[in-house]
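Working notes, structure below.
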Amino acid sequence: MLIFPALLALICFLLSMYLFMVEKKVKQNSTYKSFCDISDKISCTKVAKSSYSTFFLMPNSLWGMLFYTMLFFASISSSKLYIFALSIAGAIASIILAFILYGIIKTVCLVCTSTYIINILLVIYSYWYL
């Protein structure tokens with residue numbers, strides 16, 4: 001079992017799960033504010049309300065939970081090549097989502113940004129240590 005990538009996958013799974021809960025609460029109550037809604041420029045809720053929060057009819061947060069579940073199981077089975085391939089895919093997705101977040105939506109989602117940073121750390125770790 002590879003502890004470090006498994007731990008990072010678990011953290012990102014929980015962050016994705018939190019974003020999913022924010023998306024559900026926003027749909028139920030349009031005035032809902034997340035703990036990370038610090039201003040108009042720093043807001044998880046603004047991202048959840050965005051049309052960019054879904055991909056192929058499924059919330060990005062659910063895609064994230066699926067992705068981090070696969071990464072977690074790859075980590076506990078010590079599948080180094082699979083971890084590396086998943087970390088590359090996660091980094092590419094993070095770059096695309098970061099462009100949408102900062103360039104198009106023009107806000108900062110602290111939870112989203114945390115997953116982007118962790119995905120980059122996963123690439124570095126899987127390249128250097130696996």
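Naming scheme: A, B, ... for chains in displayed order of the structure tokens; residues 1 onward per chain; ligands 1 onward as shown.
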Taking the DSSP secondary structure from the backbone, can you list the residues of chain A that are helix (DSSP H, G or I), as number ranges by chain?
A: 3-28, 44-49, 51-53, 60-76, 80-105, 110-129
From a backbone DSSP assignment, name each residue in chain A labelled strand (DSSP E or B), as a VMD selection string.
chain A and resid 42 54 to 55 58 to 59 108
Restricting it to N, CA and C atoms, dump the selection as a PDB file, in the first residue's frame.
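This went into selection-v4.pdb:
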```
ATOM      1  N   ILE A  42     -13.822  35.284  -4.024  1.00  0.00           N
ATOM      2  CA  ILE A  42     -13.413  34.037  -3.382  1.00  0.00           C
ATOM      3  C   ILE A  42     -14.689  33.345  -2.919  1.00  0.00           C
ATOM      4  N   THR A  54     -20.884  21.256 -14.232  1.00  0.00           N
ATOM      5  CA  THR A  54     -21.241  19.906 -14.678  1.00  0.00           C
ATOM      6  C   THR A  54     -20.483  19.556 -15.956  1.00  0.00           C
ATOM      7  N   PHE A  55     -20.314  18.255 -16.152  1.00  0.00           N
ATOM      8  CA  PHE A  55     -19.664  17.729 -17.347  1.00  0.00           C
ATOM      9  C   PHE A  55     -20.404  16.455 -17.722  1.00  0.00           C
ATOM     10  N   MET A  58     -23.253  15.387 -15.348  1.00  0.00           N
ATOM     11  CA  MET A  58     -22.925  14.976 -13.988  1.00  0.00           C
ATOM     12  C   MET A  58     -22.070  16.058 -13.333  1.00  0.00           C
ATOM     13  N   PRO A  59     -22.343  16.392 -12.071  1.00  0.00           N
ATOM     14  CA  PRO A  59     -21.532  17.409 -11.389  1.00  0.00           C
ATOM     15  C   PRO A  59     -20.044  17.055 -11.390  1.00  0.00           C
ATOM     16  N   VAL A 108     -12.157  32.569  -7.155  1.00  0.00           N
ATOM     17  CA  VAL A 108     -11.260  31.593  -6.537  1.00  0.00           C
ATOM     18  C   VAL A 108     -12.108  30.722  -5.626  1.00  0.00           C
TER      19      VAL A 108
END
```
Give me the residues near A:Glu23 as a list of chain:residue names, where near means some atom within 12 Å (using only C-alpha atoms) and where sequence neighbours in that chain fewer than 5 positions away do not count.
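So, after excluding close chain neighbours, the residues are A:Ser16, A:Met17, A:Tyr18, A:Gln28, A:Asn29, A:Ser30, A:Thr31, A:Tyr32, A:Lys33, A:Ser34, A:Cys44, A:Thr45, A:Lys46, A:Val47, A:Ala48, A:Lys49, A:Ser50, A:Ser51, A:Tyr52, A:Ser53, A:Thr54, A:Met58, A:Pro59, A:Asn60, A:Ser61, A:Leu62.
Taking atom CA of A:Ser94 and atom CA of A:Thr115 as endpoints, the distance between them is 7.8 Å.
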Skip A:Met70 itself and residues of its chain fewer than 6 positions away, then list as a list in words all residues within 10 Å of it, counting only C-alpha atoms.
Ala9, Gly64, Tyr82, Ile83 and Leu86 of chain A
Minimum-distance residue to A:Leu15, chosen among A:Ser43, A:Thr107, A:Ser126, A:Ser114 (using only C-alpha atoms):
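The closest residue to A:Leu15 is A:Ser114.
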From the options A:Ala6, A:Leu71, A:Met21, A:Leu81, which residue's atoms come nearest to A:Leu130, counting only C-alpha atoms?
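Smallest separation from A:Leu130 among the options: A:Leu81.
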Using only C-alpha atoms, which of A:Ile3, A:Tyr127, A:Asn119, A:Cys109 sits nearest A:Leu19?
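Nearest candidate to A:Leu19 out of A:Ile3, A:Tyr127, A:Asn119, A:Cys109: A:Cys109.
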